[in-house]
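Have a look at the structure below, then the notes.
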Amino acid sequence: MELYENTASGLHTLFVEKKASAVEIAEAHLARIEAVDERVGAFLTVTKEEALARAAEQDRKLAAGEPLGALSGVPVAVKDNICTKGVRTTCASKMLHNFTPPYDATVADKLREAGAVMVGKTNMDEFAMGSSCETSHFKKTHNPRDLECVPGGSSGGSAAAVAAGEVPLALGSDTGGSIRQPAALCGVVGLKPTYGAVSRYGLVAFASSLDQIGPFARTADDTALLLDAIKGRDTHDATSAHREQAPVAGTLDGNVKGLRIGIPQAYYGDGVDDAVKTQVLDTARALEQAGAALVDVSLSSTRYALPTYYILACAEASSNLARFDGVKYGYRTEHYDDLLSLYENSRSEGFGDEVKRRIMLGTFVLSSGYYDAYYHKAKLTQNLIRGEYDAAFGACDVILTPTSPVTAFKIGERTADPLQMYAADICTVPVNIAGLPAVSLPCGEVDGLPVGLQFIGRKFEERTILNAAKAVEQICGTAVPAAL
Ligand SMILES: NC(=O)C[C@H](N)C(=O)O
């Protein structure tokens, strides 16, 4: 077995048992990136020198008998909307093409403390707006399971990097599905933690009430390992939860005896591909065989979730992205006569079409005269959706749905129609609206492409959904790097 085919926990063990040095592990993954990334396009920046230096530091610590972290020696990739001190952080936008943060996001700090070796920054939809990675200003990422297909989005680069074996772990961010949907399309595991479980300090904000940083991996155990490393209270983020979060890594056994799994009909309706439905429901029945109980739950307000999300997310984005004005940092136009034309031209030239569309939609729904009709109504609907989840969790412990209504689609197939692209988020946005944790993992294939299923949990019950994910792995097998 090649080094890059190992899981994160496998690599960590090889490292602490001195069977492979951190530098050897980093070199093996850098070599894999070198070999496949021209075709996959997962990375915007590869931090080879920094990675080798960080790896050498871990080797020195091990040799000196100094304390190690839970991720010591493990390569990891970071989505390019997470600030990394001294390493370009572009959000895949022309607007930030030249932005090098002077500080680390809390999660980047925590990775370093845990001994992880960051090997680079990954491609994404511009400012995390998209479901296919095609709105990146720089390049398209290809799905390692089929290079003609999209990897999903917006964290498509992170999902593709893990699926291609370029890294065992990666960080993404999820506002309406941006971790789970690409995880589903690339056939890897992706977790959106409970809102507030992981600090957002240093994450370039898209929709602050919905954004969450979370892990990608190829197994449920590795996902838990990375989650444990990044979660916890952070005084730099006012929305960070005031509570102890128990470690999840090492506690998963995949035992689902007595687990009540809710099946909401609303997630298996029109627009969800029949073959995807069948694959997910077959897995549900296999879980029943393993001792779980399947129960019907009602989440009928799901039909309002997409419009609610696209109103709330765009409203917040229009406010958050107001800071990119060409004055303090980021792209500045060469054509201006006064302050107003500096703003106008910098923003017109610096943002791509999808970002502009959302800023305009968001400005509209917040504008005087329309606020009540759109934004206020969306906030009311958010309460409705939250209430329905609360009621459903009275009858079940986890909710099982498809992650994406379809498997990976061809590059270019959906770019002409933004509404068709937004429809890719139908199964994932309700979870962000309610602030709940959810995980996506592969459960077989349709026509050679992975199908993702999603477990949604109660707030801060990441362990419960990851344990259910482990049970699915015991039925369907775990993800392995794509043959490239
Ligand atoms: N950012 C996300 O979570 C992805 C979602 N598809 C969006 O475009 O808003």
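Chain lettering (A, B, ...) mirrors the order of the structure tokens, residue numbering begins at 1 for each chain separately, and ligand numbering begins at 1 in order of display.
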Compile the contact shell of A:Tyr375 as a list in words: residues with an atom at most 9 Å away, counting only C-alpha atoms, same-chain residues fewer than 6 positions apart removed.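 What passes the distance filter is Thr308, Ile311, Leu312, Ala315, Gly362, Val365 and Leu366 of chain A.
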Exercise answer, 6 Å around ligand 1 with only C-alpha atoms and all ligand atoms, as a PyMOL selection string: chain A and resi 128-131+154+174-178+425
May I have the residues from that selection written out with N, CA and C atoms, as a PDB file, in the first residue's frame?
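Below is the file that was written, again_20.pdb:
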```pdb
ATOM      1  N   ALA A 128     -17.558  31.022  -1.932  1.00  0.00           N
ATOM      2  CA  ALA A 128     -18.376  29.877  -1.482  1.00  0.00           C
ATOM      3  C   ALA A 128     -19.785  29.902  -2.055  1.00  0.00           C
ATOM      4  N   MET A 129     -19.954  30.598  -3.169  1.00  0.00           N
ATOM      5  CA  MET A 129     -21.282  30.692  -3.779  1.00  0.00           C
ATOM      6  C   MET A 129     -21.354  29.799  -5.015  1.00  0.00           C
ATOM      7  N   GLY A 130     -21.927  28.617  -4.817  1.00  0.00           N
ATOM      8  CA  GLY A 130     -22.055  27.693  -5.935  1.00  0.00           C
ATOM      9  C   GLY A 130     -22.089  26.266  -5.448  1.00  0.00           C
ATOM     10  N   SER A 131     -22.418  25.358  -6.356  1.00  0.00           N
ATOM     11  CA  SER A 131     -22.550  23.950  -5.992  1.00  0.00           C
ATOM     12  C   SER A 131     -21.750  23.063  -6.935  1.00  0.00           C
ATOM     13  N   SER A 154     -19.614  24.337  -2.439  1.00  0.00           N
ATOM     14  CA  SER A 154     -18.491  25.128  -2.907  1.00  0.00           C
ATOM     15  C   SER A 154     -17.115  24.584  -2.522  1.00  0.00           C
ATOM     16  N   ASP A 174     -19.370  25.265   5.167  1.00  0.00           N
ATOM     17  CA  ASP A 174     -20.695  24.832   4.717  1.00  0.00           C
ATOM     18  C   ASP A 174     -21.714  25.871   5.156  1.00  0.00           C
ATOM     19  N   THR A 175     -22.296  26.549   4.180  1.00  0.00           N
ATOM     20  CA  THR A 175     -23.307  27.571   4.444  1.00  0.00           C
ATOM     21  C   THR A 175     -24.690  27.027   4.119  1.00  0.00           C
ATOM     22  N   GLY A 176     -24.722  26.201   3.032  1.00  0.00           N
ATOM     23  CA  GLY A 176     -25.977  25.587   2.623  1.00  0.00           C
ATOM     24  C   GLY A 176     -25.756  24.192   2.053  1.00  0.00           C
ATOM     25  N   GLY A 177     -24.586  23.621   2.344  1.00  0.00           N
ATOM     26  CA  GLY A 177     -24.298  22.286   1.811  1.00  0.00           C
ATOM     27  C   GLY A 177     -22.891  22.160   1.271  1.00  0.00           C
ATOM     28  N   SER A 178     -22.125  23.215   1.387  1.00  0.00           N
ATOM     29  CA  SER A 178     -20.811  23.290   0.739  1.00  0.00           C
ATOM     30  C   SER A 178     -19.783  22.262   1.187  1.00  0.00           C
ATOM     31  N   ASP A 425     -29.058  22.024  -3.820  1.00  0.00           N
ATOM     32  CA  ASP A 425     -28.926  22.202  -2.364  1.00  0.00           C
ATOM     33  C   ASP A 425     -30.186  21.829  -1.590  1.00  0.00           C
TER      34      ASP A 425
END
```
Nearest to A:Tyr268 by atom-to-atom distance, counting only C-alpha atoms, from A:Ser240, A:Thr401, A:Gln181, A:Thr45: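 Looking only at the distances to A:Tyr268, the closest residue turns out to be A:Thr401.
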Using only C-alpha atoms, which of A:Phe324, A:Tyr389, A:Phe216, A:Phe43 sits nearest A:Arg180?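 Using only C-alpha atoms, A:Arg180 sits closest to A:Phe216.
The coordinates place atom CA of A:Gly190 at 27.5 Å from atom CA of A:Ala416.
These are the residues of stretch 375-434 of chain A assigned strand (DSSP E) by DSSP from backbone coordinates: Val398, Ile399, Leu400, Thr401 and Pro402 of chain A.
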Residue selection dump (C-alpha atoms) as a CSV table (one decimal), in the first residue's frame:
```
chain,number,residue,atom,x,y,z
A,398,VAL,CA,-31.2,10.8,13.6
A,399,ILE,CA,-32.8,11.7,10.3
A,400,LEU,CA,-31.6,9.9,7.1
A,401,THR,CA,-31.9,11.6,3.7
A,402,PRO,CA,-30.0,11.7,0.4
```
DSSP on the backbone: what in stretch 320-462 of chain A comes out alpha helix (DSSP H), as a ChimeraX atom specification? /A:320,339-350,353-366,377-395,418-422,429-434,462
Within 8 Å of stretch 444-456 of chain A, counting only C-alpha atoms, which residues qualify if same-chain residues fewer than 4 places away don't, as a tab-separated table (two decimals) with N, CA and C atoms, in the first residue's frame?
```
chain	number	residue	atom	x	y	z
A	145	ARG	N	-13.53	10.96	-9.30
A	145	ARG	CA	-14.24	9.71	-9.64
A	145	ARG	C	-14.63	9.68	-11.11
A	146	ASP	N	-14.70	10.84	-11.75
A	146	ASP	CA	-14.93	10.97	-13.19
A	146	ASP	C	-14.53	12.38	-13.58
A	180	ARG	N	-21.10	19.02	2.57
A	180	ARG	CA	-21.77	17.73	2.37
A	180	ARG	C	-22.02	17.39	0.90
A	181	GLN	N	-22.43	18.38	0.12
A	181	GLN	CA	-22.74	18.10	-1.29
A	181	GLN	C	-21.50	17.68	-2.08
A	183	ALA	N	-18.84	16.35	-0.78
A	183	ALA	CA	-18.45	15.04	-0.22
A	183	ALA	C	-19.26	13.95	-0.91
A	184	ALA	N	-20.56	14.19	-1.09
A	184	ALA	CA	-21.42	13.20	-1.75
A	184	ALA	C	-20.97	12.96	-3.19
A	185	LEU	N	-20.73	14.04	-3.92
A	185	LEU	CA	-20.39	13.90	-5.34
A	185	LEU	C	-19.02	13.26	-5.56
A	186	CYS	N	-18.11	13.45	-4.60
A	186	CYS	CA	-16.76	12.88	-4.73
A	186	CYS	C	-16.60	11.55	-3.99
A	187	GLY	N	-17.64	11.10	-3.28
A	187	GLY	CA	-17.54	9.82	-2.59
A	187	GLY	C	-16.60	9.83	-1.41
A	275	ALA	N	-32.77	6.54	-8.76
A	275	ALA	CA	-31.68	5.61	-8.43
A	275	ALA	C	-30.99	6.04	-7.13
A	276	VAL	N	-30.90	7.36	-6.89
A	276	VAL	CA	-30.31	7.87	-5.64
A	276	VAL	C	-31.20	7.47	-4.47
A	279	GLN	N	-30.91	3.77	-3.64
A	279	GLN	CA	-29.64	3.45	-2.97
A	279	GLN	C	-29.69	3.84	-1.48
A	280	VAL	N	-30.25	5.01	-1.20
A	280	VAL	CA	-30.31	5.50	0.19
A	280	VAL	C	-31.28	4.64	1.00
A	398	VAL	N	-31.84	10.23	14.76
A	398	VAL	CA	-31.16	10.82	13.61
A	398	VAL	C	-32.15	10.81	12.45
A	399	ILE	N	-31.90	11.68	11.48
A	399	ILE	CA	-32.76	11.72	10.29
A	399	ILE	C	-31.89	11.34	9.09
A	400	LEU	N	-32.42	10.45	8.26
A	400	LEU	CA	-31.65	9.93	7.11
A	400	LEU	C	-32.26	10.44	5.81
A	401	THR	N	-31.43	11.06	4.97
A	401	THR	CA	-31.91	11.60	3.69
A	401	THR	C	-30.80	11.41	2.63
A	402	PRO	N	-31.14	11.59	1.36
A	402	PRO	CA	-30.05	11.72	0.39
A	402	PRO	C	-29.33	13.04	0.67
A	403	THR	N	-28.06	13.16	0.29
A	403	THR	CA	-27.35	14.44	0.46
A	403	THR	C	-27.61	15.35	-0.72
A	404	SER	N	-27.55	14.75	-1.90
A	404	SER	CA	-27.75	15.52	-3.13
A	404	SER	C	-28.81	14.78	-3.93
A	406	VAL	N	-28.98	14.37	-6.96
A	406	VAL	CA	-28.39	13.72	-8.14
A	406	VAL	C	-26.93	13.38	-7.85
A	407	THR	N	-26.36	12.48	-8.66
A	407	THR	CA	-24.92	12.22	-8.56
A	407	THR	C	-24.19	13.32	-9.35
A	408	ALA	N	-22.87	13.24	-9.38
A	408	ALA	CA	-22.07	14.30	-10.02
A	408	ALA	C	-22.52	14.53	-11.46
A	431	VAL	N	-30.70	22.10	6.89
A	431	VAL	CA	-29.86	21.80	8.07
A	431	VAL	C	-29.16	23.07	8.56
A	436	LEU	N	-28.24	22.70	12.64
A	436	LEU	CA	-28.00	21.33	13.13
A	436	LEU	C	-26.71	20.74	12.55
A	437	PRO	N	-26.19	19.67	13.15
A	437	PRO	CA	-25.06	18.97	12.55
A	437	PRO	C	-25.55	17.93	11.53
A	438	ALA	N	-24.77	17.69	10.49
A	438	ALA	CA	-25.12	16.64	9.53
A	438	ALA	C	-23.85	16.14	8.85
A	439	VAL	N	-23.88	14.87	8.51
A	439	VAL	CA	-22.73	14.25	7.85
A	439	VAL	C	-23.18	13.61	6.55
A	440	SER	N	-22.34	13.68	5.53
A	440	SER	CA	-22.61	12.95	4.29
A	440	SER	C	-21.53	11.91	4.11
A	465	ILE	N	-24.40	11.03	14.91
A	465	ILE	CA	-24.46	10.90	13.44
A	465	ILE	C	-23.20	10.24	12.89
A	468	ALA	N	-23.60	6.54	13.39
A	468	ALA	CA	-24.49	5.99	12.35
A	468	ALA	C	-23.72	5.89	11.03
A	469	ALA	N	-22.86	6.89	10.77
A	469	ALA	CA	-22.03	6.85	9.54
A	469	ALA	C	-21.11	5.64	9.58
A	476	CYS	N	-21.45	-0.65	3.65
A	476	CYS	CA	-21.09	-0.27	2.25
A	476	CYS	C	-19.59	-0.21	2.00
```
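The space between atom CA of A:Glu17 and atom CA of A:Ala224 spans 21.5 Å.
Once A:Asn123 and its same-chain neighbours fewer than 6 positions away are set aside, Gly41, Ala42, Phe43, Leu44, Thr45, Lys79, Asp80, Cys91, Ala92, Cys133, Ser136, Phe138, Lys139, Lys140, Thr141, Ser154, Ser155, Gly156, Gly157 and Ser158 of chain A remain within 9 Å of it when counting only C-alpha atoms.
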Shell around A:Asp211 at 9 Å using only C-alpha atoms, local window under 5 positions removed, as a PyMOL selection string: chain A and resi 173-176+195+200+203+205-206+432
Those residues you just picked out, can you put them in a file as a PDB file, in the first residue's frame with C-alpha atoms?
```pdb
ATOM      1  CA  SER A 173     -16.974  25.481   5.009  1.00  0.00           C
ATOM      2  CA  ASP A 174     -20.695  24.832   4.717  1.00  0.00           C
ATOM      3  CA  THR A 175     -23.307  27.571   4.444  1.00  0.00           C
ATOM      4  CA  GLY A 176     -25.977  25.587   2.623  1.00  0.00           C
ATOM      5  CA  TYR A 195     -23.616  26.034  14.326  1.00  0.00           C
ATOM      6  CA  ARG A 200     -15.505  30.910  12.452  1.00  0.00           C
ATOM      7  CA  LEU A 203     -13.246  32.345   7.892  1.00  0.00           C
ATOM      8  CA  ALA A 205     -17.743  35.497   5.937  1.00  0.00           C
ATOM      9  CA  PHE A 206     -20.445  34.659   3.393  1.00  0.00           C
ATOM     10  CA  ASN A 432     -28.046  25.162   8.025  1.00  0.00           C
TER      11      ASN A 432
END
```
Suppose you want the space between atom CA of A:Pro101 and atom CA of A:Gly202; what is it in Å? 9.1 Å
For A:Val87: contacts at 9 Å, only C-alpha atoms, fewer than 6 positions along chain excluded, given as a ChimeraX atom specification: /A:45,47,99-102,120-121
Keeping only C-alpha atoms, write the selected residues as a PDB file, in the first residue's frame.
```
ATOM      1  CA  THR A  45      -1.727  26.962  -3.715  1.00  0.00           C
ATOM      2  CA  THR A  47       2.739  25.097   0.284  1.00  0.00           C
ATOM      3  CA  PHE A  99      -4.591  38.821  -0.355  1.00  0.00           C
ATOM      4  CA  THR A 100      -2.154  37.298   2.116  1.00  0.00           C
ATOM      5  CA  PRO A 101      -3.630  37.324   5.624  1.00  0.00           C
ATOM      6  CA  PRO A 102      -1.495  38.654   8.467  1.00  0.00           C
ATOM      7  CA  GLY A 120      -1.960  23.756   0.541  1.00  0.00           C
ATOM      8  CA  LYS A 121      -5.140  25.735  -0.086  1.00  0.00           C
TER       9      LYS A 121
END
```
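Considering the residues A:Pro418, A:Gly435, A:Gly457, A:Gly291 and counting only C-alpha atoms, A:Arg358 has its shortest atom-to-atom contact with A:Pro418.
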With only C-alpha atoms as the counted atoms, please give the residues lying no more than 9 Å from A:Ala51, apart from itself and same-chain residues fewer than 4 positions off, as an mmCIF file with C-alpha atoms, in the first residue's frame.
```
data_model
loop_
_atom_site.group_PDB
_atom_site.id
_atom_site.type_symbol
_atom_site.label_atom_id
_atom_site.label_comp_id
_atom_site.auth_asym_id
_atom_site.auth_seq_id
_atom_site.Cartn_x
_atom_site.Cartn_y
_atom_site.Cartn_z
ATOM 1 C CA VAL A 23 8.803 14.331 6.117
ATOM 2 C CA ALA A 26 4.530 14.873 3.492
ATOM 3 C CA GLU A 27 6.744 14.033 0.512
ATOM 4 C CA LEU A 30 3.255 16.212 -2.299
ATOM 5 C CA VAL A 46 0.612 24.146 -2.717
ATOM 6 C CA THR A 47 2.739 25.097 0.284
ATOM 7 C CA ALA A 55 6.861 17.993 8.968
ATOM 8 C CA ALA A 56 10.533 18.283 9.955
ATOM 9 C CA PRO A 75 -1.108 16.138 5.848
ATOM 10 C CA VAL A 117 1.038 19.431 8.188
ATOM 11 C CA MET A 118 -0.812 21.839 5.884
ATOM 12 C CA VAL A 119 0.123 21.108 2.278
ATOM 13 C CA GLY A 120 -1.960 23.756 0.541
#
```
Which residue out of A:Leu210, A:Val40, A:Ala160, A:Ala241 has the minimum interatomic distance to A:Lys192 when only C-alpha atoms are used? A:Leu210
Stretch 317-401 of chain A near stretch 293-303 of chain A within 6 Å: what's each residue's closest atom pair and its distance in Å to one decimal, counting only C-alpha atoms, ordered by chain then ascending residue number, as a Markdown table?
```
| residue | atom | partner | partner_atom | distance |
| --- | --- | --- | --- | --- |
| A:Ile385 | CA | A:Ser301 | CA | 5.9 |
| A:Glu388 | CA | A:Leu299 | CA | 5.9 |
| A:Ala392 | CA | A:Val297 | CA | 5.7 |
```
Just to be explicit: take each residue in the selection above, keep C-alpha atoms, and write the result as an mmCIF file, in the first residue's frame.
```cif
data_model
loop_
_atom_site.group_PDB
_atom_site.id
_atom_site.type_symbol
_atom_site.label_atom_id
_atom_site.label_comp_id
_atom_site.auth_asym_id
_atom_site.auth_seq_id
_atom_site.Cartn_x
_atom_site.Cartn_y
_atom_site.Cartn_z
ATOM 1 C CA ILE A 385 -38.365 24.731 9.818
ATOM 2 C CA GLU A 388 -40.410 20.899 12.655
ATOM 3 C CA ALA A 392 -39.165 15.211 14.499
#
```
From A:Gly232, A:Ala116, A:Gly350, A:Asp390, residue lying nearest A:Glu334 [only C-alpha atoms]: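 Among the listed residues, A:Gly350 lies closest to A:Glu334.
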From the list A:Leu147, A:Ile475, A:Cys443, A:Ala164, the nearest residue to A:Ala290 using only C-alpha atoms is A:Ile475
